[in-house]
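Shown next, in structure tokens, is the structure this report addresses.
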Amino acid sequence: MSNNQELADRLARIARLQELLGFDKFRAISNERAARTVEGFPEDVIALSKDRAALLKIDGIGPKIADKIIEFATTGGIKELDELTAEVPAGLMPLLELNGLGPKTVRMFWQDAGVTDLASLRKIIADGSILNLPRMGAKAVEKIVASIAMIEEGDKRLALGLALPVAEAFVAQLKKHKSVKQIAYAGSMRRGKDTIGDIDILVATSDAAGVAEAFRTMPQVRHILASGETRSSVRAALKYVEPPPADGTTIIAPVTGPTVQVDLKVVPLESWGAALMYFTGSKEHNVRLRERALRMGLTLNEYGLFPDDDEKEPPHKRGIKSIASSTEEEIYAKLGFNWIPPELREDRGELDIFALASSEDDAAAETKPAKTSKKSATSKSTKEPAKGKKGPAAAAPAIATAAAAPRVLPRLIELADIKAELHSHTTASDGEMSIVELATRAKARGFHTIAVTDHSKSSAIANGLSVERLLRHIDAIREAASKVEGITILAGSEVDILADGRLDYDDEVLAKLDVVVASPHASLAQDPKVATARLLKAVRHPLVHILGHPTGRLINKRAGLSPDFSELYSAAKEHNVALEINAHWMRLDLRDAHVKGAIDAGCNLAIDCDVHYPGDFDNLRYGITTGRRGWLTPERCVNAWTAADLHAWLKSKR
DNA sequence: GCCGTTTTCGGCCCGACTGTTTTCAGTCG
């Protein structure tokens, strides 16, 4: 686990303990918010902790939390956390994970009924004494029992690549319903997160009952959890198709396999934009937008943007006309923003880019002045742009320096920008296609270049090539290149980075290759210091072009390496090595926050499909989404370069 | 615990839903 992740976990634990202990809830919220900030922070926070002033510049981090970060960096722990932990029975914390149980209820169980863990909660349910507690009726208990069952099944977040096809199938099916005016999936899926909790489908229709009925009766629906007039909720099968085995047969997951929760929400057509924004999130992004609305004398909810008149009843219920509601674009515009791509809506600087311009807009806004009771929420990052700083702090707080960036969001990478695949496997190692088939498929996608990069000798399990086989393979690639027109076929290798950082082939062999992708495949639980040295050695190797799946993580299966990313980024920039975003949905490695860090550090990135099977080209969308979440532009993605530029870069390392 | 272009105290985003209640607390997204 990375330092940032460990610190974020600790801060989040402090927040949860504070809630359980009945502290002021805003204190807990502050710790929780700091946890999310640290988690998404592109630089290693330990390195950043050497400069307290830089820490304090980060939005949401004040003196107390800065000290906790410094304490964690120097001692590896946080005393406050230990003290809070000692006050609460260890078994109580997992109860917070139960759906429908919040800190207030769990605290009440603990204080009033002596519940200390799941077992003692079960006991008061079994003997019925739970019914004597405040607000505990038969239905409430029934829900708790269901939540316990759910958590025992292991309710992990699902990889995007498993969930997205399910969502698309629902959308495609429901679109056929004639009454449907608008339909889209929203939530973290629309933002392109690497894992999702559930699928939110939004629909605007003139026949809510009919669409809900169609939704509940789709063939992949296994259970109906709730069904109302405007909301329905089901669990649907993941119709997950495995990559075909060698004999060409296709395995489809059985109907009893894993399921995912899908929620359908019916919204009024005139509120489509507001509802889509609201349900797309993120929560943090929405909070910032609503704070901004308040400063402009407006209020934003899922029905639209309204004048803020201080009445308690929501404006849409009083027939107040919205200022904007039907499209996302008009709502963002009224708030002084261009439309923000969903992948950026994480409150990681996407709103601050406009901050300088928007403070001028505030004065010119045609709406009434903000009320005195609602304080301005202008973030720290809108203060003076950081300038003239030296040392680690100068590069570190990307969030804090966002105001210094141009006032226009970058033009993010798109699927159509990709013109080259630089990481692919053939039957020579563990792929399914011949060189010619691989090249033909790449050409059909409009690519100008494909690099054939089979595994190196140490990857025995993947049928890695000995030096002799590699040399013959290079000849075969050259021959195929002369046969297939309209695409450049490059001879490459995905070379193992051995545990000590040496590469799996000698330099004279590597020098014969057009493209070297160096990737870690074994020893993926290494100590971070060792891992850093290992990857740095590969990046500094003069013949390496791309660092492949740098951490080796597998989503929900393997954490992978936790190198010091700041060092990795600066080495990659210095040695002109592209860092890979491996587009396979099981990897997505680098992940979004790392991409942002690499971009801020000035690195180039590669988005590659690591093609083994024909269908693997389709994983490109996940790599693109991950790149967009990391603010990747086509200029910084080697796969989006012209053939001339790409080939010149590759040759520059020969 | 953080924050500030009415600032160093007194606030802190918004609404739906649920289940328990007869007006609301707690949870969720």
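Please note that chains go A, B, ... in the order of the structure tokens, that every chain numbers its residues from 1, and that ligands are numbered from 1 in the order shown.
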Which residues of chain B sit at most 9 Å from chain A, using only C-alpha atoms (C1' of nucleotides)? Give each one's shortest atom pair and distance in Å (one decimal place), in chain and ascending residue order, as JSON lines.
```
{"residue": "B:DG1", "atom": "C1'", "partner": "A:Arg27", "partner_atom": "CA", "distance": 4.6}
{"residue": "B:DC2", "atom": "C1'", "partner": "A:Gly62", "partner_atom": "CA", "distance": 6.3}
{"residue": "B:DC3", "atom": "C1'", "partner": "A:Ala377", "partner_atom": "CA", "distance": 7.7}
{"residue": "B:DG4", "atom": "C1'", "partner": "A:Ser376", "partner_atom": "CA", "distance": 7.4}
{"residue": "B:DT6", "atom": "C1'", "partner": "A:Thr372", "partner_atom": "CA", "distance": 7.2}
{"residue": "B:DG11", "atom": "C1'", "partner": "A:Lys375", "partner_atom": "CA", "distance": 7.6}
{"residue": "B:DC12", "atom": "C1'", "partner": "A:Phe26", "partner_atom": "CA", "distance": 7.3}
{"residue": "B:DC13", "atom": "C1'", "partner": "A:Val287", "partner_atom": "CA", "distance": 5.5}
{"residue": "B:DC14", "atom": "C1'", "partner": "A:Asn301", "partner_atom": "CA", "distance": 6.2}
{"residue": "B:DG15", "atom": "C1'", "partner": "A:Asn301", "partner_atom": "CA", "distance": 7.4}
{"residue": "B:DT18", "atom": "C1'", "partner": "A:Ala140", "partner_atom": "CA", "distance": 8.8}
{"residue": "B:DG19", "atom": "C1'", "partner": "A:Ala140", "partner_atom": "CA", "distance": 6.8}
{"residue": "B:DT20", "atom": "C1'", "partner": "A:Arg135", "partner_atom": "CA", "distance": 5.4}
{"residue": "B:DT21", "atom": "C1'", "partner": "A:Arg135", "partner_atom": "CA", "distance": 8.5}
{"residue": "B:DA25", "atom": "C1'", "partner": "A:Arg135", "partner_atom": "CA", "distance": 8.9}
{"residue": "B:DG26", "atom": "C1'", "partner": "A:Lys104", "partner_atom": "CA", "distance": 7.4}
{"residue": "B:DT27", "atom": "C1'", "partner": "A:Gly100", "partner_atom": "CA", "distance": 6.0}
{"residue": "B:DC28", "atom": "C1'", "partner": "A:Gly100", "partner_atom": "CA", "distance": 8.0}
{"residue": "B:DG29", "atom": "C1'", "partner": "A:Lys283", "partner_atom": "CA", "distance": 7.6}
```
Strand (DSSP E) positions in segment 98-308 of chain A, given as a PyMOL selection string: chain A and resi 158-159+180-185+195-196+199-205+221-227+231-237+259-266+298-301+304-307
Store the residues picked out above, limited to C-alpha atoms, as a CSV table (one decimal), in the first residue's frame.
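Below you can see part29.csv, which holds the result:
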```csv
chain,number,residue,atom,x,y,z
A,158,LEU,CA,-16.6,-4.1,-9.0
A,159,ALA,CA,-14.0,-3.6,-11.8
A,180,VAL,CA,-37.8,7.3,-23.4
A,181,LYS,CA,-36.6,10.9,-24.1
A,182,GLN,CA,-33.2,10.7,-22.5
A,183,ILE,CA,-31.2,7.9,-20.9
A,184,ALA,CA,-27.7,7.6,-19.5
A,185,TYR,CA,-25.7,5.8,-16.9
A,195,THR,CA,-14.1,0.3,-9.8
A,196,ILE,CA,-17.8,1.0,-9.2
A,199,ILE,CA,-24.8,1.2,-11.5
A,200,ASP,CA,-27.1,4.3,-11.7
A,201,ILE,CA,-29.3,4.6,-14.8
A,202,LEU,CA,-31.1,7.8,-15.3
A,203,VAL,CA,-34.1,8.1,-17.6
A,204,ALA,CA,-36.5,10.8,-18.7
A,205,THR,CA,-39.7,9.3,-20.0
A,221,VAL,CA,-32.3,-9.3,-13.5
A,222,ARG,CA,-31.9,-11.8,-10.7
A,223,HIS,CA,-33.6,-10.1,-7.8
A,224,ILE,CA,-35.8,-7.0,-7.4
A,225,LEU,CA,-34.7,-5.0,-4.4
A,226,ALA,CA,-37.1,-2.1,-4.6
A,227,SER,CA,-39.7,-0.9,-7.1
A,231,ARG,CA,-37.0,4.5,-8.4
A,232,SER,CA,-36.3,0.9,-9.0
A,233,SER,CA,-33.5,-1.2,-7.8
A,234,VAL,CA,-32.4,-4.7,-8.9
A,235,ARG,CA,-29.4,-7.0,-8.8
A,236,ALA,CA,-28.4,-8.1,-12.3
A,237,ALA,CA,-26.0,-10.8,-13.5
A,259,THR,CA,-24.4,-9.8,-9.6
A,260,VAL,CA,-24.3,-6.0,-9.4
A,261,GLN,CA,-26.8,-3.6,-8.1
A,262,VAL,CA,-28.5,-1.5,-10.8
A,263,ASP,CA,-30.7,1.5,-9.8
A,264,LEU,CA,-33.1,3.1,-12.2
A,265,LYS,CA,-34.1,6.7,-11.5
A,266,VAL,CA,-36.9,8.5,-13.4
A,298,LEU,CA,-28.3,30.9,-6.1
A,299,THR,CA,-29.1,27.4,-5.0
A,300,LEU,CA,-28.4,24.2,-6.9
A,301,ASN,CA,-30.2,20.9,-6.5
A,304,GLY,CA,-32.0,22.9,-11.4
A,305,LEU,CA,-30.3,26.1,-10.5
A,306,PHE,CA,-32.7,28.5,-8.7
A,307,PRO,CA,-32.6,31.9,-7.0
```
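Rounded to one decimal, atom CA of Leu21 of chain A and atom CA of Thr74 of chain A lie 27.5 Å from each other.
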task: Enter the distance from atom CA of Gly22 of chain A to atom CA of Asp9 of chain A, in Å, rounded to one decimal.
output: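 Between atom CA of Gly22 of chain A and atom CA of Asp9 of chain A the gap is 20.0 Å.
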